[in-house]
$ cat query_20.cif   # mmCIF, C-alpha atoms and all ligand atoms
data_my_file
loop_
_atom_site.label_atom_id
_atom_site.label_comp_id
_atom_site.auth_asym_id
_atom_site.auth_seq_id
_atom_site.Cartn_x
_atom_site.Cartn_y
_atom_site.Cartn_z
CA MET A 1 -14.85 -9.32 -40.96
CA LYS A 2 -15.25 -12.70 -39.27
CA CYS A 3 -17.35 -13.15 -36.13
CA ASN A 4 -14.48 -14.27 -33.90
CA LYS A 5 -12.39 -11.24 -34.90
CA VAL A 6 -15.36 -8.98 -34.19
CA ARG A 7 -15.95 -10.56 -30.79
CA GLU A 8 -12.33 -10.18 -29.86
CA ARG A 9 -12.56 -6.47 -30.64
CA LEU A 10 -15.83 -6.19 -28.76
CA LEU A 11 -14.08 -7.52 -25.67
CA THR A 12 -11.10 -5.22 -26.03
CA ASP A 13 -10.24 -2.38 -28.38
CA TYR A 14 -13.77 -1.54 -29.49
CA ARG A 15 -15.02 -1.48 -25.96
CA ASP A 16 -12.08 0.57 -24.71
CA GLY A 17 -11.98 3.15 -27.46
CA GLU A 18 -8.64 1.99 -28.82
CA LEU A 19 -9.82 1.64 -32.43
CA ASP A 20 -9.73 4.31 -35.09
CA ARG A 21 -12.96 5.41 -36.74
CA ARG A 22 -12.63 3.27 -39.81
CA GLU A 23 -12.22 0.11 -37.72
CA CYS A 24 -15.15 1.07 -35.53
CA GLU A 25 -17.37 1.51 -38.56
CA LYS A 26 -16.47 -1.97 -39.81
CA ILE A 27 -17.55 -3.45 -36.49
CA ASP A 28 -20.72 -1.38 -36.35
CA SER A 29 -21.72 -2.53 -39.80
CA HIS A 30 -21.08 -6.19 -38.80
CA LEU A 31 -23.24 -5.74 -35.72
CA ARG A 32 -26.11 -4.46 -37.84
CA ASP A 33 -26.08 -7.66 -39.86
CA CYS A 34 -25.08 -10.30 -37.30
CA GLY A 35 -27.55 -11.08 -34.53
CA ALA A 36 -25.20 -13.43 -32.68
CA CYS A 37 -22.46 -10.82 -32.34
CA LYS A 38 -25.02 -8.19 -31.40
CA LYS A 39 -26.22 -10.49 -28.63
CA PHE A 40 -22.64 -11.06 -27.50
CA GLN A 41 -22.12 -7.31 -27.30
CA GLU A 42 -25.19 -7.00 -25.11
CA GLU A 43 -23.87 -9.69 -22.80
CA ILE A 44 -20.60 -7.83 -22.46
CA LEU A 45 -22.42 -4.64 -21.56
CA LYS A 46 -24.53 -6.54 -19.06
CA PHE A 47 -22.00 -8.79 -17.36
CA ALA A 48 -18.50 -7.48 -17.97
CA VAL A 49 -18.93 -4.26 -16.06
CA VAL A 50 -16.94 -3.31 -13.03
CA SER A 51 -19.08 -1.56 -10.51
CA PRO A 52 -16.75 0.84 -8.77
CA GLU A 53 -18.23 -0.04 -5.36
CA GLY A 54 -19.45 3.36 -4.37
CA SER A 55 -16.60 4.67 -6.56
CA GLY A 56 -15.58 6.92 -3.67
CA GLU A 57 -12.09 6.95 -2.26
CA LEU A 58 -11.50 4.87 0.87
CA ARG A 59 -9.06 5.89 3.58
CA PRO A 60 -6.66 3.70 5.54
CA GLY A 61 -7.03 3.73 9.33
CA PRO A 62 -4.65 5.81 11.49
CA GLU A 63 -2.70 2.70 12.54
CA VAL A 64 -1.34 2.40 9.00
CA TRP A 65 0.49 5.70 9.35
CA ASP A 66 1.78 4.63 12.79
CA ARG A 67 3.23 1.48 11.30
CA ILE A 68 4.83 3.39 8.43
CA ARG A 69 6.36 5.85 10.85
CA SER A 70 7.86 3.21 13.07
CA ALA A 71 9.15 1.23 10.07
CA ILE A 72 10.91 4.36 8.82
CA PHE A 73 12.46 5.30 12.17
CA GLU A 74 13.62 1.78 12.91
CA GLU A 75 15.52 1.54 9.69
CA GLU A 76 17.60 4.68 9.91
CA PRO A 77 19.91 4.87 12.90
CA GLU A 78 22.59 6.33 10.59
CA ALA A 79 20.64 9.58 10.40
CA GLY A 80 22.51 10.34 13.61
CA TRP A 81 22.41 7.79 16.36
CA LEU A 82 21.56 10.44 18.93
CA THR A 83 18.44 11.47 17.06
CA GLY A 84 17.52 7.83 16.76
CA VAL A 85 18.13 7.18 20.43
CA SER A 86 16.25 10.24 21.61
CA GLU A 87 13.38 9.41 19.24
CA ARG A 88 13.14 5.92 20.67
CA LEU A 89 13.55 6.99 24.27
CA ARG A 90 10.93 9.64 23.87
CA PHE A 91 8.61 7.04 22.46
CA LEU A 92 9.34 4.78 25.43
CA LEU A 93 9.13 7.46 28.04
CA LYS A 94 6.35 9.67 26.81
CA PRO A 95 3.44 7.72 28.29
CA ALA A 96 5.01 7.49 31.72
CA PRO A 97 6.14 10.83 33.17
CA LEU A 98 6.64 9.24 36.58
CA ILE A 99 9.08 6.68 35.28
CA ARG A 100 10.85 9.42 33.37
CA MET A 101 11.16 11.53 36.47
CA ALA A 102 12.25 8.59 38.61
CA PHE A 103 14.95 7.75 36.12
CA ALA A 104 16.30 11.28 36.15
CA VAL A 105 16.24 11.38 39.96
CA ALA A 106 18.05 8.06 40.18
CA LEU A 107 20.74 9.31 37.84
CA ILE A 108 21.20 12.44 39.89
CA LEU A 109 21.45 10.43 43.09
CA VAL A 110 24.10 8.19 41.59
CA THR A 111 25.96 11.29 40.46
CA VAL A 112 25.83 12.77 43.94
CA VAL A 113 27.05 9.52 45.50
CA MET A 114 29.86 9.28 42.97
CA ALA A 115 30.90 12.84 43.74
CA ARG A 116 31.08 12.08 47.47
CA VAL A 117 33.27 9.02 47.16
CA PRO A 118 36.69 10.07 48.42
CA GLY A 119 39.48 10.27 45.95
CA ASP A 120 39.67 12.04 42.67
CA MET A 121 40.40 9.42 40.06
CA PRO A 122 40.07 10.72 36.50
CA GLU A 123 37.82 7.76 35.59
CA GLN A 124 35.58 8.65 38.45
CA ARG A 125 35.27 12.23 37.38
CA ALA A 126 34.55 11.25 33.81
CA MET A 127 31.89 8.86 35.02
CA SER A 128 30.34 11.55 37.15
CA ASP A 129 30.35 14.03 34.26
CA TYR A 130 28.75 11.47 32.03
CA LEU A 131 26.00 10.80 34.54
CA THR A 132 25.34 14.48 34.98
CA GLU A 133 24.94 14.81 31.25
CA GLN A 134 22.55 11.91 31.19
CA ALA A 135 20.48 13.43 33.97
CA VAL A 136 20.25 16.71 32.10
CA PHE A 137 19.32 14.88 28.95
CA PHE A 138 16.56 12.88 30.59
CA SER A 139 15.12 15.77 32.45
CA ALA A 140 15.10 17.75 29.22
CA LEU A 141 12.98 14.97 27.78
CA GLY A 142 10.80 15.40 30.80
CA SER A 143 10.25 19.05 30.05
CA GLY A 144 8.24 18.30 26.96
CA ASP A 145 8.95 18.03 23.31
CA SER A 146 12.17 20.01 23.12
CA GLU A 147 15.17 18.30 21.60
CA PHE A 148 18.34 18.81 23.59
CA PRO A 149 18.86 21.51 26.18
CA ASP A 150 21.17 23.51 23.93
CA ASP A 151 19.13 23.06 20.77
CA ASP A 152 16.77 25.97 20.98
CA GLY A 153 19.19 28.61 22.12
CA GLY A 154 18.84 27.96 25.85
CA SER A 155 15.25 28.19 26.92
CA GLY A 156 16.65 27.84 30.42
CA ASP A 157 13.93 25.41 31.35
CA LEU A 158 15.77 22.18 31.85
CA GLY A 159 12.99 20.63 33.84
CA PHE A 160 15.23 18.94 36.37
CA LEU A 161 15.61 22.17 38.35
CA ASP A 162 11.95 21.78 39.20
CA PHE A 163 12.40 18.70 41.24
CA VAL A 164 15.98 18.79 42.55
CA MET B 165 -5.43 12.28 -7.31
CA ARG B 166 -3.69 15.53 -8.04
CA GLU B 167 -0.03 15.47 -9.03
CA ILE B 168 2.34 16.17 -6.14
CA GLU B 169 4.56 19.24 -6.57
CA LYS B 170 8.22 18.72 -7.19
CA ASP B 171 9.35 20.91 -4.31
CA LEU B 172 7.20 19.05 -1.80
CA ILE B 173 8.93 15.83 -2.85
CA GLU B 174 12.31 17.54 -2.60
CA LYS B 175 11.50 18.81 0.86
CA ALA B 176 10.52 15.33 1.98
CA ALA B 177 13.70 13.95 0.42
CA ARG B 178 15.73 16.35 2.58
CA GLY B 179 14.19 14.74 5.64
CA ASP B 180 11.30 17.13 6.25
CA GLY B 181 8.85 14.91 8.15
CA ALA B 182 5.94 17.31 7.75
CA ALA B 183 6.38 17.28 3.98
CA PHE B 184 6.39 13.49 3.95
CA ARG B 185 3.27 13.48 6.09
CA GLU B 186 1.59 15.88 3.67
CA ILE B 187 2.40 13.59 0.74
CA TYR B 188 0.93 10.72 2.75
CA ASP B 189 -2.22 12.65 3.59
CA ARG B 190 -2.77 13.63 -0.01
CA THR B 191 -2.10 10.26 -1.61
CA SER B 192 -2.73 7.46 0.89
CA GLY B 193 -6.49 7.30 0.24
CA TYR B 194 -5.76 6.83 -3.39
CA VAL B 195 -3.10 4.15 -2.81
CA TYR B 196 -5.30 2.32 -0.31
CA THR B 197 -8.36 2.35 -2.59
CA LEU B 198 -6.42 1.10 -5.59
CA ALA B 199 -4.80 -1.64 -3.48
CA TYR B 200 -8.18 -2.64 -2.14
CA ARG B 201 -9.61 -2.95 -5.62
CA VAL B 202 -6.75 -5.12 -6.78
CA THR B 203 -6.50 -7.36 -3.70
CA GLY B 204 -10.17 -7.31 -2.68
CA MET B 205 -9.18 -7.38 1.00
CA LYS B 206 -8.98 -4.44 3.42
CA HIS B 207 -6.23 -6.07 5.43
CA ASP B 208 -4.12 -6.64 2.32
CA ALA B 209 -4.78 -3.08 1.19
CA GLU B 210 -3.40 -1.80 4.51
CA GLU B 211 -0.26 -3.84 4.16
CA VAL B 212 0.22 -2.68 0.59
CA THR B 213 -0.23 0.96 1.66
CA GLN B 214 2.38 0.49 4.35
CA ASP B 215 4.77 -1.16 1.91
CA VAL B 216 4.28 1.58 -0.72
CA PHE B 217 5.00 4.47 1.65
CA VAL B 218 8.02 2.84 3.28
CA ARG B 219 9.37 2.24 -0.22
CA LEU B 220 8.52 5.78 -1.23
CA TYR B 221 10.42 7.13 1.77
CA ARG B 222 13.49 5.10 0.83
CA SER B 223 13.40 6.19 -2.82
CA LEU B 224 12.68 9.88 -2.28
CA GLY B 225 16.36 10.81 -2.57
CA SER B 226 16.77 9.06 -5.90
CA PHE B 227 13.42 10.00 -7.34
CA LYS B 228 13.67 10.92 -11.02
CA PHE B 229 11.25 13.50 -12.25
CA GLU B 230 11.13 12.15 -15.77
CA ALA B 231 8.24 9.93 -14.82
CA SER B 232 5.47 11.69 -12.98
CA PHE B 233 5.06 10.96 -9.31
CA LYS B 234 1.54 9.75 -9.98
CA THR B 235 2.73 7.17 -12.49
CA TRP B 236 5.38 5.97 -10.06
CA LEU B 237 2.77 5.60 -7.34
CA TYR B 238 0.39 3.71 -9.65
CA ARG B 239 3.10 1.30 -10.64
CA VAL B 240 4.45 0.60 -7.17
CA THR B 241 0.95 0.24 -5.71
CA VAL B 242 -0.41 -2.10 -8.34
CA ASN B 243 2.71 -4.25 -8.39
CA SER B 244 2.86 -4.48 -4.63
CA ALA B 245 -0.84 -5.38 -4.55
CA LEU B 246 -0.30 -8.06 -7.18
CA ASN B 247 2.62 -9.59 -5.30
CA HIS B 248 0.53 -9.53 -2.20
CA SER B 249 -2.45 -11.31 -3.68
CA LYS B 250 -0.27 -13.88 -5.38
CA LYS B 251 1.64 -14.58 -2.20
CA TRP B 252 -1.54 -14.98 -0.16
CA LYS B 253 -3.33 -16.90 -2.82
CA GLY B 254 -0.44 -19.38 -2.86
CA ILE B 255 -0.57 -19.77 0.91
CA ARG B 256 -4.36 -20.15 0.96
CA MET B 257 -4.27 -22.76 -1.80
CA LYS B 258 -1.60 -24.64 0.08
CA GLU B 259 -3.64 -24.53 3.28
CA ARG B 260 -6.68 -25.83 1.50
CA GLY B 261 -4.60 -28.61 -0.04
CA GLU B 262 -3.36 -29.55 3.40
CA ILE B 263 -6.88 -29.52 4.79
CA ARG B 264 -7.96 -31.83 2.02
CA GLU B 265 -5.12 -34.23 2.84
CA ASP B 266 -5.93 -34.10 6.54
CA ILE B 267 -9.53 -35.05 6.08
CA GLU B 268 -8.90 -38.15 4.05
CA ALA B 269 -8.55 -39.98 7.37
CA THR B 270 -11.22 -38.04 9.25
CA ASP B 271 -14.70 -36.79 8.56
CA ALA B 272 -14.60 -35.75 4.94
CA SER B 273 -18.14 -34.50 4.59
CA GLU B 274 -17.86 -31.92 7.40
CA VAL B 275 -14.81 -30.20 5.94
CA SER B 276 -15.97 -30.29 2.36
CA LYS B 277 -19.16 -28.65 3.52
CA SER B 278 -17.15 -25.82 5.04
CA LEU B 279 -15.08 -25.46 1.87
CA GLU B 280 -18.26 -25.21 -0.17
CA LYS B 281 -19.52 -22.52 2.16
CA GLU B 282 -16.27 -20.62 1.67
CA ASP B 283 -16.69 -20.77 -2.11
CA ALA B 284 -20.27 -19.58 -1.91
CA GLY B 285 -19.15 -16.65 0.26
CA ARG B 286 -16.63 -15.69 -2.32
CA GLU B 287 -19.22 -15.80 -5.07
CA ALA B 288 -21.48 -13.48 -3.15
CA LYS B 289 -18.66 -11.00 -2.88
CA GLY B 290 -18.64 -10.54 -6.62
CA PHE B 291 -17.30 -12.03 -9.79
CA LEU B 292 -14.48 -9.54 -9.97
CA GLU B 293 -12.81 -11.15 -6.95
CA ARG B 294 -12.74 -14.46 -8.75
CA LEU B 295 -10.61 -13.28 -11.62
CA ASN B 296 -6.91 -13.84 -11.33
CA PRO B 297 -5.10 -10.81 -9.88
CA ASP B 298 -3.29 -9.92 -13.12
CA GLN B 299 -6.53 -9.77 -15.05
CA ARG B 300 -8.26 -7.90 -12.26
CA ALA B 301 -5.49 -5.29 -12.10
CA CYS B 302 -5.86 -4.60 -15.84
CA LEU B 303 -9.60 -4.29 -15.52
CA VAL B 304 -9.37 -1.96 -12.52
CA LEU B 305 -6.85 0.29 -14.26
CA ARG B 306 -8.97 0.38 -17.39
CA GLU B 307 -12.47 0.69 -16.00
CA ILE B 308 -12.00 2.49 -12.71
CA GLU B 309 -8.83 4.47 -13.30
CA GLY B 310 -9.75 5.14 -16.92
CA MET B 311 -6.28 4.36 -18.25
CA ASN B 312 -5.70 3.58 -21.90
CA TYR B 313 -3.78 0.49 -23.02
CA ALA B 314 -0.47 2.31 -23.23
CA GLY B 315 -0.89 3.58 -19.67
CA ILE B 316 -1.75 0.14 -18.34
CA ALA B 317 1.21 -1.40 -20.17
CA GLU B 318 3.56 1.18 -18.70
CA THR B 319 2.16 0.86 -15.19
CA LEU B 320 2.38 -2.91 -15.11
CA GLY B 321 5.56 -3.20 -17.16
CA ILE B 322 3.94 -5.46 -19.75
CA ASN B 323 3.38 -5.06 -23.48
CA LEU B 324 0.22 -3.90 -25.25
CA ASN B 325 -0.75 -7.36 -26.42
CA THR B 326 -0.55 -8.71 -22.90
CA VAL B 327 -2.85 -5.91 -21.75
CA ARG B 328 -5.24 -6.77 -24.54
CA SER B 329 -5.25 -10.50 -23.84
CA ARG B 330 -5.71 -10.05 -20.07
CA LEU B 331 -8.67 -7.75 -20.62
CA LYS B 332 -10.11 -10.17 -23.12
CA ARG B 333 -9.82 -13.14 -20.77
CA ALA B 334 -11.11 -11.12 -17.83
CA ARG B 335 -14.23 -10.03 -19.69
CA GLU B 336 -14.80 -13.46 -21.18
CA SER B 337 -14.78 -14.91 -17.67
CA LEU B 338 -17.19 -12.24 -16.46
CA VAL B 339 -19.57 -12.96 -19.34
CA ARG B 340 -19.37 -16.72 -18.62
CA MET B 341 -20.03 -16.18 -14.93
CA GLY B 342 -22.87 -13.81 -15.73
CA ARG B 343 -24.52 -16.34 -18.03
CA ARG B 344 -24.28 -19.03 -15.37
CA GLY B 345 -25.64 -16.67 -12.74
CA GLY B 346 -28.60 -15.76 -14.94
CA GLU B 347 -29.67 -19.35 -15.47
ZN ZN C 1 -20.90 -11.96 -36.13
#
$ encode --input "query_20.cif" --output "structure tokens"
Amino acid sequence: MKCNKVRERLLTDYRDGELDRRECEKIDSHLRDCGACKKFQEEILKFAVVSPEGSGELRPGPEVWDRIRSAIFEEEPEAGWLTGVSERLRFLLKPAPLIRMAFAVALILVTVVMARVPGDMPEQRAMSDYLTEQAVFFSALGSGDSEFPDDDGGSGDLGFLDFV
Amino acid sequence: MREIEKDLIEKAARGDGAAFREIYDRTSGYVYTLAYRVTGMKHDAEEVTQDVFVRLYRSLGSFKFEASFKTWLYRVTVNSALNHSKKWKGIRMKERGEIREDIEATDASEVSKSLEKEDAGREAKGFLERLNPDQRACLVLREIEGMNYAGIAETLGINLNTVRSRLKRARESLVRMGRRGGE
């Protein structure tokens, strides 16, 4: 076997255990007789090694998961827009209970004012119902991690009763 | 990394967030480490990890169990890491080219000094980083992940002879660099 063929194998198949026994023996016998190839093999063993830098597994920081989570939630409003909206609102409102509470109170006030306006237009009543619903929704967010007031079989704790 | 059970994947595919989180907890260290070894940069490895898991989430529903989950993860991670290093390498080369053009009119010696420093820094970091990303990926899969040629070929979507020639060129470069370093 010629030196360049041997060296090619030394860099690849021989080194990586991809040769059958017969082929390996041919190379071994060449190495016994050829000092230059033997030296080349030593250089490979010395220089062409990958030190697995501590070889231990590294771990990504917690912010990587946060970014994955927000990328996933942002892309799927079709999973039910309400879930998406509540997810986003909860994210927005969670750090600021006061703002959350103020928002709910404001909605309730508007509802009360709407209810007191004389006249009984259907649009008005629909608007008022809508605002009531919103107030309940926001105060439910205020009560903690529960989904919607009717989700868990009526815990009864709608939160907004606490501060009305 | 242990193989992930089929029913955990199915659970996650049905929208079970806790199941997805469990898959992340059990495999993200592995993905991140592999990405780091291919790109050589922690910041790139983070971006690759993010990319891999967002892609995983999107493909959960259509995941075929013919290929093992582990193989899928290998392939997506290494390919994403390769795209990443190529993209950034291109941008960095372009920036350096622009710097070189800029300095023709200004103080050339200052900037070339800083470029030399940058090269020296890279050398200190290790010869492995100086291989091209394709060669490095093959070497990492072979030497650190212990894959055989067929496994590397499948993971990277290349043929056996390409695996062989990349490993050959990678090791030749390492030997050359080693000789120069020893002088
Ligand atoms: Zn020889």
$ residues_around --input "query_20.cif" --residues "Gly193 of chain B" --least-positions-apart "6" --cutoff "7 Å" --atoms "all atoms listed in the file" --output "JSON, numbers by chain"
{"A": [57, 58, 59, 60]}
$ residues_near_ligand --input "query_20.cif" --ligand "ligand ZN 1 (chain C)" --cutoff "7 Å" --atoms "all atoms listed in the file" --output "PyMOL selection string"
chain A and resi 2-3+6+30-31+34-37
$ interface_residues --input "query_20.cif" --of "chain A" --to "chain B" --cutoff "12 Å" --atoms "only C-alpha atoms" --output "PyMOL selection string"
chain A and resi 7-19+39-76+79
$ atom_distance --input "query_20.cif" --atom1 "atom CA of Arg344 of chain B" --atom2 "atom CA of Leu295 of chain B"
15.3 Å
$ atom_distance --input "query_20.cif" --atom1 "atom CA of Glu293 of chain B" --atom2 "atom CA of Asn247 of chain B"
15.6 Å
$ atom_distance --input "query_20.cif" --atom1 "atom CA of Ala317 of chain B" --atom2 "atom CA of Thr241 of chain B"
14.6 Å
